[in-house]
$ cat entry07.tsv   # TSV, C-alpha atoms (C1' of nucleotides)
chain	number	residue	atom	x	y	z
A	322	MET	CA	21.24	-13.81	3.27
A	323	LYS	CA	18.68	-14.97	5.79
A	324	ILE	CA	15.05	-13.90	5.80
A	325	GLU	CA	13.53	-13.54	9.21
A	326	ASN	CA	11.06	-15.94	10.68
A	327	PRO	CA	7.55	-14.84	9.71
A	328	SER	CA	6.44	-14.36	13.27
A	329	GLN	CA	9.12	-11.70	13.59
A	330	VAL	CA	7.91	-9.71	10.65
A	331	VAL	CA	5.20	-7.18	11.19
A	332	PHE	CA	3.61	-7.76	7.79
A	333	TYR	CA	2.57	-11.21	8.88
A	334	SER	CA	0.80	-9.68	11.85
A	335	ILE	CA	-0.96	-7.18	9.65
A	336	GLU	CA	-2.05	-9.89	7.27
A	337	ARG	CA	-3.13	-12.16	10.07
A	338	ALA	CA	-5.07	-9.41	11.83
A	339	ILE	CA	-7.15	-8.54	8.81
A	340	LYS	CA	-7.73	-12.21	7.95
A	341	GLU	CA	-8.80	-13.16	11.46
A	342	TYR	CA	-11.07	-10.15	11.60
A	343	ARG	CA	-12.67	-11.05	8.30
A	344	LYS	CA	-13.18	-14.64	9.33
A	345	PHE	CA	-14.66	-13.59	12.64
A	346	ALA	CA	-16.88	-10.93	11.08
A	347	GLN	CA	-18.08	-13.29	8.36
A	348	LYS	CA	-19.03	-15.87	10.93
A	349	LYS	CA	-21.05	-13.41	12.97
A	350	ILE	CA	-22.75	-11.98	9.90
A	351	SER	CA	-23.69	-15.44	8.68
A	352	GLU	CA	-25.30	-16.18	12.02
A	353	THR	CA	-27.62	-13.20	11.61
A	354	VAL	CA	-28.05	-12.60	7.89
A	355	GLU	CA	-28.36	-15.37	5.35
A	356	GLY	CA	-26.24	-15.49	2.21
A	357	ILE	CA	-24.26	-12.26	2.48
A	358	THR	CA	-20.50	-11.79	2.53
A	359	VAL	CA	-18.71	-9.05	4.43
A	360	ASP	CA	-17.91	-7.23	1.21
A	361	GLN	CA	-21.42	-7.55	-0.16
A	362	GLY	CA	-22.68	-6.07	3.09
A	363	LEU	CA	-20.30	-3.15	2.78
A	364	ILE	CA	-21.44	-2.52	-0.79
A	365	LEU	CA	-25.02	-2.30	0.43
A	366	LEU	CA	-24.04	0.10	3.21
A	367	PHE	CA	-22.08	2.38	0.92
A	368	LEU	CA	-24.84	2.46	-1.68
A	369	ASN	CA	-27.40	3.18	0.98
A	370	ASP	CA	-25.49	6.24	2.18
A	371	HIS	CA	-24.38	7.34	-1.28
A	372	PRO	CA	-26.78	6.09	-3.95
A	373	GLU	CA	-24.88	7.89	-6.69
A	374	LEU	CA	-21.73	5.84	-6.32
A	375	SER	CA	-20.41	4.27	-9.51
A	376	GLN	CA	-19.02	0.76	-9.57
A	377	LYS	CA	-15.58	2.24	-9.92
A	378	GLU	CA	-16.04	4.40	-6.85
A	379	ILE	CA	-17.31	1.49	-4.78
A	380	ALA	CA	-14.36	-0.57	-5.97
A	381	LYS	CA	-11.97	2.10	-4.78
A	382	LEU	CA	-13.66	2.37	-1.39
A	383	LEU	CA	-13.30	-1.37	-0.84
A	384	PHE	CA	-9.82	-1.64	-2.40
A	385	LYS	CA	-11.09	-3.85	-5.18
A	386	ASP	CA	-10.36	-4.07	-8.87
A	387	ASN	CA	-13.00	-2.73	-11.29
A	388	ALA	CA	-13.31	-6.15	-12.88
A	389	SER	CA	-13.95	-7.75	-9.51
A	390	MET	CA	-16.56	-5.15	-8.74
A	391	THR	CA	-18.39	-5.87	-12.00
A	392	ARG	CA	-18.60	-9.52	-11.03
A	393	MET	CA	-19.53	-8.90	-7.43
A	394	ILE	CA	-22.36	-6.64	-8.49
A	395	ASP	CA	-23.39	-9.11	-11.21
A	396	LEU	CA	-23.78	-11.67	-8.46
A	397	MET	CA	-25.68	-9.32	-6.18
A	398	VAL	CA	-28.02	-8.54	-9.04
A	399	LYS	CA	-28.49	-12.25	-9.67
A	400	LYS	CA	-29.25	-12.75	-5.98
A	401	GLU	CA	-31.64	-9.81	-6.17
A	402	TYR	CA	-30.00	-7.54	-3.62
A	403	LEU	CA	-29.30	-4.93	-6.33
A	404	MET	CA	-30.63	-3.76	-9.68
A	405	ARG	CA	-28.87	-1.87	-12.46
A	406	SER	CA	-30.74	0.94	-14.22
A	407	THR	CA	-29.75	3.56	-16.77
A	408	HIS	CA	-27.62	6.54	-15.82
A	409	LYS	CA	-27.46	9.83	-17.62
A	410	ASP	CA	-23.80	9.08	-18.32
A	411	ARG	CA	-24.53	6.04	-20.40
A	412	ARG	CA	-21.16	4.44	-19.77
A	413	ARG	CA	-22.30	3.89	-16.19
A	414	HIS	CA	-25.28	2.35	-14.46
A	415	THR	CA	-27.31	3.56	-11.58
A	416	ILE	CA	-27.25	0.85	-8.96
A	417	ASP	CA	-30.44	0.49	-6.93
A	418	ILE	CA	-30.95	-1.50	-3.77
A	419	THR	CA	-33.94	-3.85	-4.05
A	420	SER	CA	-36.41	-4.45	-1.26
A	421	LYS	CA	-34.62	-7.72	-0.54
A	422	GLY	CA	-31.41	-5.71	-0.22
A	423	LYS	CA	-33.14	-3.22	2.06
A	424	ARG	CA	-34.26	-5.98	4.37
A	425	ILE	CA	-30.62	-7.06	4.69
A	426	LEU	CA	-29.67	-3.48	5.45
A	427	GLU	CA	-31.98	-3.41	8.44
A	428	LYS	CA	-30.15	-6.26	10.13
A	429	LEU	CA	-26.61	-5.47	9.14
A	430	PRO	CA	-25.41	-2.32	10.99
A	431	PRO	CA	-25.80	-3.61	14.55
A	432	VAL	CA	-23.88	-6.77	13.70
A	433	ILE	CA	-21.06	-4.85	12.08
A	434	LEU	CA	-20.81	-2.39	14.95
A	435	LYS	CA	-20.74	-5.21	17.44
A	436	ASN	CA	-18.06	-7.03	15.46
A	437	ARG	CA	-15.87	-3.96	15.36
A	438	ASN	CA	-16.30	-3.32	19.04
A	439	THR	CA	-15.55	-6.91	19.93
A	440	ALA	CA	-12.45	-6.97	17.77
A	441	LEU	CA	-11.19	-3.73	19.32
A	442	GLU	CA	-11.97	-4.66	22.91
A	443	GLY	CA	-9.29	-3.57	25.36
A	444	ILE	CA	-7.67	-1.22	22.90
A	445	THR	CA	-7.58	2.43	23.93
A	446	SER	CA	-8.41	5.23	21.53
A	447	GLN	CA	-4.85	6.39	21.92
A	448	GLU	CA	-3.64	3.02	20.71
A	449	LEU	CA	-6.05	3.19	17.80
A	450	ASN	CA	-4.59	6.52	16.82
A	451	GLN	CA	-1.07	5.13	17.01
A	452	LEU	CA	-2.13	2.18	14.93
A	453	GLU	CA	-3.64	4.45	12.28
A	454	GLN	CA	-0.56	6.63	12.19
A	455	ILE	CA	1.90	3.80	11.82
A	456	LEU	CA	-0.21	2.08	9.18
A	457	ASN	CA	-0.44	5.35	7.28
A	458	LYS	CA	3.33	5.62	7.28
A	459	ILE	CA	3.55	2.15	5.77
A	460	ILE	CA	0.88	2.97	3.22
A	461	ASN	CA	2.68	6.15	2.21
A	462	ASN	CA	6.03	4.43	1.92
A	463	CYS	CA	4.52	1.83	-0.38
A	464	VAL	CA	2.54	4.24	-2.51
A	465	ILE	CA	5.42	6.68	-2.93
A	466	ASN	CA	7.98	4.04	-3.78
A	467	GLN	CA	5.72	2.21	-6.16
A	468	SER	CA	5.88	4.92	-8.75
A	469	LYS	CA	9.65	5.20	-8.49
B	266	MET	CA	-28.01	3.09	12.97
B	267	LYS	CA	-25.19	4.70	11.03
B	268	ILE	CA	-22.00	2.93	10.09
B	269	GLU	CA	-18.92	5.12	10.13
B	270	ASN	CA	-17.16	6.35	7.07
B	271	PRO	CA	-14.52	3.83	6.03
B	272	SER	CA	-11.65	6.22	6.49
B	273	GLN	CA	-12.58	6.43	10.15
B	274	VAL	CA	-12.44	2.71	10.68
B	275	VAL	CA	-9.11	1.17	11.49
B	276	PHE	CA	-9.85	-2.07	9.66
B	277	TYR	CA	-9.79	-0.21	6.38
B	278	SER	CA	-6.31	1.04	7.20
B	279	ILE	CA	-5.15	-2.44	8.06
B	280	GLU	CA	-6.56	-3.81	4.84
B	281	ARG	CA	-5.15	-0.99	2.82
B	282	ALA	CA	-1.70	-1.29	4.40
B	283	ILE	CA	-1.33	-4.95	3.58
B	284	LYS	CA	-2.71	-4.49	0.08
B	285	GLU	CA	-0.45	-1.55	-0.74
B	286	TYR	CA	2.53	-3.44	0.65
B	287	ARG	CA	1.71	-6.50	-1.45
B	288	LYS	CA	1.27	-4.42	-4.57
B	289	PHE	CA	4.52	-2.59	-3.94
B	290	ALA	CA	6.41	-5.78	-3.09
B	291	GLN	CA	5.05	-7.60	-6.12
B	292	LYS	CA	6.14	-4.80	-8.39
B	293	LYS	CA	9.68	-4.78	-7.04
B	294	ILE	CA	9.94	-8.56	-7.20
B	295	SER	CA	8.72	-8.61	-10.78
B	296	GLU	CA	11.40	-6.10	-11.73
B	297	THR	CA	14.10	-8.46	-10.47
B	298	VAL	CA	12.74	-12.00	-10.77
B	299	GLU	CA	10.62	-13.16	-13.66
B	300	GLY	CA	7.33	-14.98	-13.15
B	301	ILE	CA	7.17	-15.26	-9.37
B	302	THR	CA	4.47	-14.00	-7.03
B	303	VAL	CA	5.11	-12.79	-3.49
B	304	ASP	CA	3.51	-15.90	-2.05
B	305	GLN	CA	5.39	-18.24	-4.34
B	306	GLY	CA	8.60	-16.56	-3.24
B	307	LEU	CA	7.71	-17.05	0.40
B	308	ILE	CA	6.97	-20.73	-0.22
B	309	LEU	CA	10.44	-21.13	-1.69
B	310	LEU	CA	12.04	-19.37	1.27
B	311	PHE	CA	10.20	-21.44	3.84
B	312	LEU	CA	11.02	-24.68	2.08
B	313	ASN	CA	14.63	-23.67	1.80
B	314	ASP	CA	14.94	-23.12	5.52
B	315	HIS	CA	12.71	-26.05	6.49
B	316	PRO	CA	12.72	-28.71	3.78
B	317	GLU	CA	10.54	-31.02	5.82
B	318	LEU	CA	7.50	-28.74	5.79
B	319	SER	CA	4.26	-30.33	4.65
B	320	GLN	CA	1.83	-28.51	2.39
B	321	LYS	CA	-0.43	-28.10	5.35
B	322	GLU	CA	2.29	-26.51	7.43
B	323	ILE	CA	3.25	-24.11	4.66
B	324	ALA	CA	-0.41	-23.20	4.25
B	325	LYS	CA	-0.64	-22.35	7.93
B	326	LEU	CA	2.51	-20.23	7.83
B	327	LEU	CA	1.12	-18.18	4.95
B	328	PHE	CA	-2.46	-18.08	6.27
B	329	LYS	CA	-3.76	-20.03	3.30
B	330	ASP	CA	-6.31	-22.77	2.91
B	331	ASN	CA	-5.02	-26.33	2.29
B	332	ALA	CA	-6.89	-26.45	-0.98
B	333	SER	CA	-5.26	-23.23	-2.14
B	334	MET	CA	-1.86	-24.58	-1.16
B	335	THR	CA	-2.41	-27.73	-3.22
B	336	ARG	CA	-3.13	-25.59	-6.25
B	337	MET	CA	-0.31	-23.13	-5.66
B	338	ILE	CA	2.17	-25.96	-5.38
B	339	ASP	CA	0.63	-27.67	-8.42
B	340	LEU	CA	1.38	-24.53	-10.34
B	341	MET	CA	4.90	-24.21	-8.98
B	342	VAL	CA	5.53	-27.82	-9.99
B	343	LYS	CA	4.17	-27.09	-13.46
B	344	LYS	CA	6.45	-24.06	-13.68
B	345	GLU	CA	9.33	-26.26	-12.46
B	346	TYR	CA	10.23	-24.37	-9.33
B	347	LEU	CA	9.29	-27.39	-7.18
B	348	MET	CA	9.04	-31.18	-7.41
B	349	ARG	CA	6.96	-33.58	-5.36
B	350	SER	CA	8.58	-36.84	-4.24
B	351	THR	CA	7.51	-39.64	-1.93
B	352	HIS	CA	7.48	-39.21	1.82
B	353	LYS	CA	7.69	-41.93	4.40
B	354	ASP	CA	4.22	-40.87	5.54
B	355	ARG	CA	2.58	-41.72	2.29
B	356	ARG	CA	-0.31	-39.34	2.77
B	357	ARG	CA	2.18	-36.53	2.29
B	358	HIS	CA	4.77	-35.56	-0.27
B	359	THR	CA	8.27	-34.35	0.16
B	360	ILE	CA	8.55	-31.07	-1.66
B	361	ASP	CA	11.89	-30.41	-3.30
B	362	ILE	CA	13.17	-27.18	-4.75
B	363	THR	CA	14.43	-27.62	-8.30
B	364	SER	CA	17.55	-25.96	-9.65
B	365	LYS	CA	15.30	-23.42	-11.35
B	366	GLY	CA	13.74	-22.76	-7.95
B	367	LYS	CA	17.19	-22.42	-6.41
B	368	ARG	CA	18.19	-19.83	-8.95
B	369	ILE	CA	15.16	-17.79	-7.92
B	370	LEU	CA	16.18	-18.17	-4.30
B	371	GLU	CA	19.53	-16.54	-4.96
B	372	LYS	CA	17.92	-13.34	-6.15
B	373	LEU	CA	14.97	-13.15	-3.81
B	374	PRO	CA	16.19	-12.35	-0.27
B	375	PRO	CA	17.85	-9.01	-0.98
B	376	VAL	CA	14.74	-7.79	-2.80
B	377	ILE	CA	12.46	-8.84	0.03
B	378	LEU	CA	14.67	-7.27	2.68
B	379	LYS	CA	14.84	-4.06	0.72
B	380	ASN	CA	11.06	-4.02	0.26
B	381	ARG	CA	10.47	-4.48	3.97
B	382	ASN	CA	12.96	-1.78	4.86
B	383	THR	CA	11.48	0.63	2.35
B	384	ALA	CA	7.96	0.00	3.56
B	385	LEU	CA	9.01	0.54	7.18
B	386	GLU	CA	11.11	3.63	6.54
B	387	GLY	CA	10.72	6.28	9.22
B	388	ILE	CA	9.10	3.92	11.67
B	389	THR	CA	10.93	3.40	14.95
B	390	SER	CA	11.40	-0.01	16.50
B	391	GLN	CA	9.30	1.22	19.38
B	392	GLU	CA	6.48	1.94	16.98
B	393	LEU	CA	6.89	-1.48	15.43
B	394	ASN	CA	6.51	-3.06	18.84
B	395	GLN	CA	3.40	-1.02	19.51
B	396	LEU	CA	2.01	-2.03	16.15
B	397	GLU	CA	2.65	-5.72	16.87
B	398	GLN	CA	1.07	-5.47	20.29
B	399	ILE	CA	-2.08	-3.76	19.12
B	400	LEU	CA	-2.48	-6.11	16.19
B	401	ASN	CA	-2.06	-9.06	18.52
B	402	LYS	CA	-4.85	-7.75	20.68
B	403	ILE	CA	-7.11	-7.60	17.65
B	404	ILE	CA	-6.06	-11.08	16.56
B	405	ASN	CA	-6.77	-12.47	20.01
B	406	ASN	CA	-10.14	-10.79	20.25
B	407	CYS	CA	-11.16	-12.29	16.93
B	408	VAL	CA	-9.83	-15.76	17.62
B	409	ILE	CA	-11.34	-15.96	21.07
B	410	ASN	CA	-14.75	-14.69	20.05
B	411	GLN	CA	-14.92	-16.85	16.97
B	412	SER	CA	-15.37	-20.03	18.94
B	413	LYS	CA	-18.01	-18.49	21.18
C	787	DT	C1'	-6.26	-58.19	13.90
C	788	DG	C1'	-9.99	-55.76	12.11
C	789	DT	C1'	-12.76	-51.69	12.50
C	790	DA	C1'	-13.29	-46.90	13.56
C	791	DT	C1'	-11.26	-42.48	13.76
C	792	DT	C1'	-7.89	-39.06	12.25
C	793	DT	C1'	-5.13	-36.99	9.04
C	794	DA	C1'	-2.87	-34.92	4.51
C	795	DA	C1'	-3.90	-34.05	0.30
C	796	DT	C1'	-6.93	-33.63	-3.56
C	797	DT	C1'	-11.04	-32.36	-6.22
C	798	DG	C1'	-15.37	-29.89	-7.43
C	799	DA	C1'	-18.04	-25.85	-7.38
C	800	DT	C1'	-18.35	-21.11	-6.93
C	801	DA	C1'	-16.49	-16.48	-5.88
C	802	DT	C1'	-12.97	-13.21	-6.04
C	803	DA	C1'	-8.19	-11.12	-7.69
C	804	DT	C1'	-5.51	-9.46	-11.46
C	805	DC	C1'	-4.10	-8.02	-15.85
C	806	DA	C1'	-4.95	-7.14	-20.62
C	807	DA	C1'	-8.01	-6.30	-24.21
C	808	DA	C1'	-12.45	-4.95	-25.95
C	809	DT	C1'	-16.86	-1.98	-25.88
C	810	DA	C1'	-19.49	1.81	-25.76
C	811	DC	C1'	-19.71	6.35	-24.42
C	812	DT	C1'	-17.91	11.22	-23.38
C	813	DT	C1'	-14.92	14.88	-23.58
C	814	DT	C1'	-11.05	17.38	-25.85
C	815	DT	C1'	-9.04	19.43	-29.27
C	816	DA	C1'	-7.45	20.56	-33.83
D	708	DT	C1'	-17.60	19.09	-36.16
D	709	DA	C1'	-14.61	15.08	-37.00
D	710	DA	C1'	-10.85	12.70	-35.08
D	711	DA	C1'	-8.27	11.79	-30.93
D	712	DA	C1'	-7.97	10.95	-26.23
D	713	DG	C1'	-10.05	9.63	-22.09
D	714	DT	C1'	-13.50	7.03	-19.17
D	715	DA	C1'	-16.71	3.27	-17.05
D	716	DT	C1'	-17.70	-1.07	-17.62
D	717	DT	C1'	-17.33	-5.61	-19.35
D	718	DT	C1'	-15.07	-9.88	-20.83
D	719	DG	C1'	-11.39	-13.45	-21.14
D	720	DA	C1'	-7.81	-15.98	-19.11
D	721	DT	C1'	-5.55	-17.53	-15.22
D	722	DA	C1'	-4.72	-17.76	-10.21
D	723	DT	C1'	-6.27	-17.84	-5.68
D	724	DA	C1'	-10.02	-18.24	-1.74
D	725	DT	C1'	-13.41	-21.02	0.45
D	726	DC	C1'	-16.25	-24.76	1.72
D	727	DA	C1'	-17.73	-29.43	1.27
D	728	DA	C1'	-16.85	-33.91	-0.13
D	729	DT	C1'	-13.61	-37.53	-1.45
D	730	DT	C1'	-9.44	-40.39	-1.35
D	731	DA	C1'	-5.72	-42.80	0.58
D	732	DA	C1'	-3.01	-43.66	4.34
D	733	DA	C1'	-1.91	-43.67	9.35
D	734	DT	C1'	-3.30	-44.28	14.04
D	735	DA	C1'	-6.29	-45.69	17.85
D	736	DC	C1'	-8.57	-49.09	20.10
D	737	DA	C1'	-11.98	-52.83	20.98

$ encode --input "entry07.tsv" --output "structure tokens"
Amino acid sequence: MKIENPSQVVFYSIERAIKEYRKFAQKKISETVEGITVDQGLILLFLNDHPELSQKEIAKLLFKDNASMTRMIDLMVKKEYLMRSTHKDRRRHTIDITSKGKRILEKLPPVILKNRNTALEGITSQELNQLEQILNKIINNCVINQSK
Amino acid sequence: MKIENPSQVVFYSIERAIKEYRKFAQKKISETVEGITVDQGLILLFLNDHPELSQKEIAKLLFKDNASMTRMIDLMVKKEYLMRSTHKDRRRHTIDITSKGKRILEKLPPVILKNRNTALEGITSQELNQLEQILNKIINNCVINQSK
DNA sequence: TGTATTTAATTGATATATCAAATACTTTTA
DNA sequence: TAAAAGTATTTGATATATCAATTAAATACA
């Protein structure tokens, strides 16, 4: 049984698209903001909009593992973008953005918006909807069949 | 400046689609073949079809870094799926599939084909073409603007 | 031919991914 | 209310990602 050439398989395109976008976005972010990864930037943005988020909730938003999130936030605390403080549910922490983190937040949104616009240049909103729909079908197929 | 909710941004869908597919595919592979990751399986398949591939070429096919590929193949050698032997270009190695690797290869293709079909269930070939086209636009936008 | 430039692979350092197990709390329930 | 079950986070072990630097060999070229 013969497996198709990768270039003929849509999963390679999906993987490549997200990897090229991440590489591109990281490069542009690094040109503007020192010492921040794409994911760290997203963590700051989410926390800024929703300060009550738990590590677990942030992990889910970014499709990360809880253990990874612990270590990412450890690092961001070490780099002084974030601080952990006590939460009334003492299993959790409240995660606060430091002033250093807030300074990053001022520079970040325009870069991210520009990156997204650049990456989506020449793509109609109709195409974007199609893309979303098809991807959602794939996601559903995978999620449903995983539990089987 | 406000950054959109993740669910409204197509890049989250792309990321989620590939991650859910990988999780699903890994689960199905693990049920059939012991001790093999999706990427390790793909390395075996590529080498089987194109035994002359260098580590660098395999890395490119799978969108990996050369350093990662060195370590992945190190591990596959340690687990006895692969062997390195001398190549006429002595900077390289020839990478041979062991008999243990070949036994994996007998079981792998049907699982992978079934995974892909399951994940793409209910998606027309027209939609697949659209998906490819739109993703290629994104890829091009990122690649072109990276060098700028 | 000898030196400079490329090239394939490796290594080191650090970060992230993944799974399992452990901790420290909270909530349920008998 | 005490024990059981559930939850958020952390930790350990191993693999992979990423970038820079190194090594060893091939190629270019003066």

$ atom_distance --input "entry07.tsv" --atom1 "CA of Val354 in chain A" --atom2 "CA of Leu426 in chain A"
9.6 Å

$ interface_residues --input "entry07.tsv" --of "chain B" --to "chain A" --cutoff "8 Å" --atoms "only C-alpha atoms" --output "ChimeraX atom specification"
/B:266-268,271,275-276,278-283,285-286,289,292,310,326,328,374-375,378,383-388,392-393,395-397,399-404,406-408,410-411

$ calpha_fit_and_write --input "entry07.tsv" --fixed "chain A" --moving "chain B" --output "compact mmCIF listing (two decimals) with C-alpha atoms, keeping the file's coordinate frame"
# COMPACT_ATOMS: atom_id res chain seq x y z
CA MET B 266 21.24 -13.81 3.29
CA LYS B 267 18.67 -15.00 5.80
CA ILE B 268 15.07 -13.90 5.81
CA GLU B 269 13.54 -13.56 9.25
CA ASN B 270 11.07 -15.94 10.71
CA PRO B 271 7.55 -14.85 9.79
CA SER B 272 6.48 -14.30 13.35
CA GLN B 273 9.16 -11.65 13.62
CA VAL B 274 7.93 -9.72 10.64
CA VAL B 275 5.21 -7.19 11.18
CA PHE B 276 3.62 -7.75 7.79
CA TYR B 277 2.58 -11.21 8.87
CA SER B 278 0.79 -9.69 11.85
CA ILE B 279 -0.96 -7.19 9.65
CA GLU B 280 -2.05 -9.90 7.26
CA ARG B 281 -3.13 -12.16 10.05
CA ALA B 282 -5.08 -9.41 11.82
CA ILE B 283 -7.16 -8.55 8.80
CA LYS B 284 -7.73 -12.19 7.93
CA GLU B 285 -8.79 -13.16 11.45
CA TYR B 286 -11.08 -10.14 11.61
CA ARG B 287 -12.68 -11.03 8.28
CA LYS B 288 -13.17 -14.63 9.32
CA PHE B 289 -14.66 -13.58 12.63
CA ALA B 290 -16.87 -10.92 11.05
CA GLN B 291 -18.07 -13.28 8.34
CA LYS B 292 -19.04 -15.86 10.91
CA LYS B 293 -21.06 -13.40 12.96
CA ILE B 294 -22.76 -11.98 9.89
CA SER B 295 -23.69 -15.43 8.66
CA GLU B 296 -25.30 -16.19 12.01
CA THR B 297 -27.61 -13.20 11.60
CA VAL B 298 -28.05 -12.60 7.87
CA GLU B 299 -28.34 -15.38 5.35
CA GLY B 300 -26.23 -15.49 2.20
CA ILE B 301 -24.26 -12.26 2.47
CA THR B 302 -20.50 -11.79 2.51
CA VAL B 303 -18.71 -9.04 4.41
CA ASP B 304 -17.90 -7.23 1.19
CA GLN B 305 -21.41 -7.54 -0.17
CA GLY B 306 -22.68 -6.06 3.07
CA LEU B 307 -20.29 -3.14 2.77
CA ILE B 308 -21.43 -2.52 -0.81
CA LEU B 309 -25.01 -2.29 0.41
CA LEU B 310 -24.05 0.12 3.18
CA PHE B 311 -22.08 2.39 0.89
CA LEU B 312 -24.84 2.47 -1.69
CA ASN B 313 -27.38 3.21 0.98
CA ASP B 314 -25.49 6.24 2.18
CA HIS B 315 -24.37 7.35 -1.29
CA PRO B 316 -26.78 6.10 -3.95
CA GLU B 317 -24.91 7.89 -6.70
CA LEU B 318 -21.73 5.84 -6.35
CA SER B 319 -20.42 4.27 -9.54
CA GLN B 320 -19.04 0.75 -9.61
CA LYS B 321 -15.62 2.23 -9.96
CA GLU B 322 -16.04 4.39 -6.90
CA ILE B 323 -17.31 1.49 -4.81
CA ALA B 324 -14.36 -0.58 -6.00
CA LYS B 325 -11.96 2.10 -4.82
CA LEU B 326 -13.65 2.38 -1.43
CA LEU B 327 -13.30 -1.36 -0.87
CA PHE B 328 -9.82 -1.63 -2.42
CA LYS B 329 -11.09 -3.87 -5.20
CA ASP B 330 -10.35 -4.10 -8.88
CA ASN B 331 -13.00 -2.76 -11.32
CA ALA B 332 -13.30 -6.17 -12.89
CA SER B 333 -13.94 -7.78 -9.52
CA MET B 334 -16.56 -5.15 -8.75
CA THR B 335 -18.38 -5.87 -12.01
CA ARG B 336 -18.59 -9.52 -11.05
CA MET B 337 -19.53 -8.91 -7.43
CA ILE B 338 -22.36 -6.65 -8.50
CA ASP B 339 -23.39 -9.13 -11.20
CA LEU B 340 -23.78 -11.68 -8.47
CA MET B 341 -25.66 -9.33 -6.18
CA VAL B 342 -28.03 -8.54 -9.05
CA LYS B 343 -28.50 -12.26 -9.68
CA LYS B 344 -29.23 -12.76 -5.98
CA GLU B 345 -31.64 -9.79 -6.16
CA TYR B 346 -30.01 -7.55 -3.62
CA LEU B 347 -29.31 -4.93 -6.31
CA MET B 348 -30.65 -3.75 -9.67
CA ARG B 349 -28.89 -1.88 -12.45
CA SER B 350 -30.78 0.93 -14.18
CA THR B 351 -29.82 3.55 -16.73
CA HIS B 352 -27.69 6.53 -15.80
CA LYS B 353 -27.54 9.84 -17.58
CA ASP B 354 -23.88 9.08 -18.30
CA ARG B 355 -24.62 6.05 -20.37
CA ARG B 356 -21.26 4.45 -19.78
CA ARG B 357 -22.37 3.90 -16.20
CA HIS B 358 -25.32 2.34 -14.45
CA THR B 359 -27.34 3.56 -11.56
CA ILE B 360 -27.26 0.86 -8.93
CA ASP B 361 -30.43 0.49 -6.91
CA ILE B 362 -30.96 -1.50 -3.76
CA THR B 363 -33.93 -3.84 -4.03
CA SER B 364 -36.40 -4.45 -1.24
CA LYS B 365 -34.60 -7.71 -0.52
CA GLY B 366 -31.39 -5.69 -0.24
CA LYS B 367 -33.12 -3.22 2.07
CA ARG B 368 -34.24 -5.98 4.37
CA ILE B 369 -30.61 -7.05 4.69
CA LEU B 370 -29.66 -3.47 5.46
CA GLU B 371 -31.97 -3.39 8.45
CA LYS B 372 -30.15 -6.24 10.14
CA LEU B 373 -26.60 -5.45 9.14
CA PRO B 374 -25.41 -2.32 11.00
CA PRO B 375 -25.80 -3.58 14.55
CA VAL B 376 -23.89 -6.76 13.70
CA ILE B 377 -21.06 -4.83 12.08
CA LEU B 378 -20.81 -2.38 14.95
CA LYS B 379 -20.75 -5.20 17.44
CA ASN B 380 -18.06 -7.03 15.45
CA ARG B 381 -15.86 -3.95 15.34
CA ASN B 382 -16.30 -3.31 19.04
CA THR B 383 -15.56 -6.91 19.91
CA ALA B 384 -12.46 -6.97 17.76
CA LEU B 385 -11.20 -3.74 19.32
CA GLU B 386 -11.98 -4.68 22.91
CA GLY B 387 -9.31 -3.60 25.36
CA ILE B 388 -7.68 -1.23 22.91
CA THR B 389 -7.59 2.42 23.93
CA SER B 390 -8.42 5.22 21.54
CA GLN B 391 -4.86 6.38 21.95
CA GLU B 392 -3.66 3.02 20.72
CA LEU B 393 -6.06 3.19 17.81
CA ASN B 394 -4.60 6.52 16.82
CA GLN B 395 -1.09 5.13 17.04
CA LEU B 396 -2.14 2.17 14.95
CA GLU B 397 -3.64 4.44 12.28
CA GLN B 398 -0.56 6.63 12.21
CA ILE B 399 1.90 3.79 11.84
CA LEU B 400 -0.19 2.08 9.20
CA ASN B 401 -0.41 5.34 7.29
CA LYS B 402 3.34 5.60 7.30
CA ILE B 403 3.57 2.14 5.79
CA ILE B 404 0.89 2.97 3.23
CA ASN B 405 2.70 6.14 2.23
CA ASN B 406 6.05 4.42 1.94
CA CYS B 407 4.56 1.82 -0.36
CA VAL B 408 2.59 4.24 -2.50
CA ILE B 409 5.46 6.66 -2.90
CA ASN B 410 8.03 4.02 -3.75
CA GLN B 411 5.76 2.20 -6.14
CA SER B 412 5.93 4.92 -8.74
CA LYS B 413 9.70 5.21 -8.46

$ residues_around --input "entry07.tsv" --residues "Thr415 in chain A" --least-positions-apart "3" --cutoff "9 Å" --atoms "all atoms listed in the file" --output "list of chain:residue names"
A:Pro372, A:Glu373, A:Leu374, A:Ser375, A:Gln376, A:Met404, A:Arg405, A:Ser406, A:Thr407, A:His408, A:Lys409

$ interface_residues --input "entry07.tsv" --of "chain B" --to "chain C" --cutoff "10 Å" --atoms "all atoms listed in the file" --output "list in words"
Ser319, Gln320, Lys321, Asn331, Ala332, Met334, Thr335, Arg336, Asp354, Arg355, Arg356, Arg357 and His358 of chain B

$ residues_around --input "entry07.tsv" --residues "Lys423 in chain A" --least-positions-apart "3" --cutoff "9 Å" --atoms "only C-alpha atoms (C1' of nucleotides)" --output "list in words"
Leu365, Asn369, Tyr402, Ile418, Thr419, Ser420, Leu426 and Glu427 of chain A

$ closest_atom_pairs --input "entry07.tsv" --of "chain D" --to "chain B" --cutoff "12 Å" --atoms "all atoms listed in the file" --output "tab-separated table"
residue	atom	partner	partner_atom	distance
D:DT721	C1'	B:Leu340	CA	11.0
D:DA722	C1'	B:Met337	CA	8.3
D:DT723	C1'	B:Ser333	CA	6.5
D:DA724	C1'	B:Ser333	CA	6.9
D:DT725	C1'	B:Asp330	CA	7.7
D:DC726	C1'	B:Ala332	CA	9.9
D:DA727	C1'	B:Ala332	CA	11.5
D:DT730	C1'	B:Arg356	CA	10.1
D:DA731	C1'	B:Arg356	CA	6.8
D:DA732	C1'	B:Arg356	CA	5.3
D:DA733	C1'	B:Asp354	CA	7.7
D:DT734	C1'	B:Asp354	CA	11.9
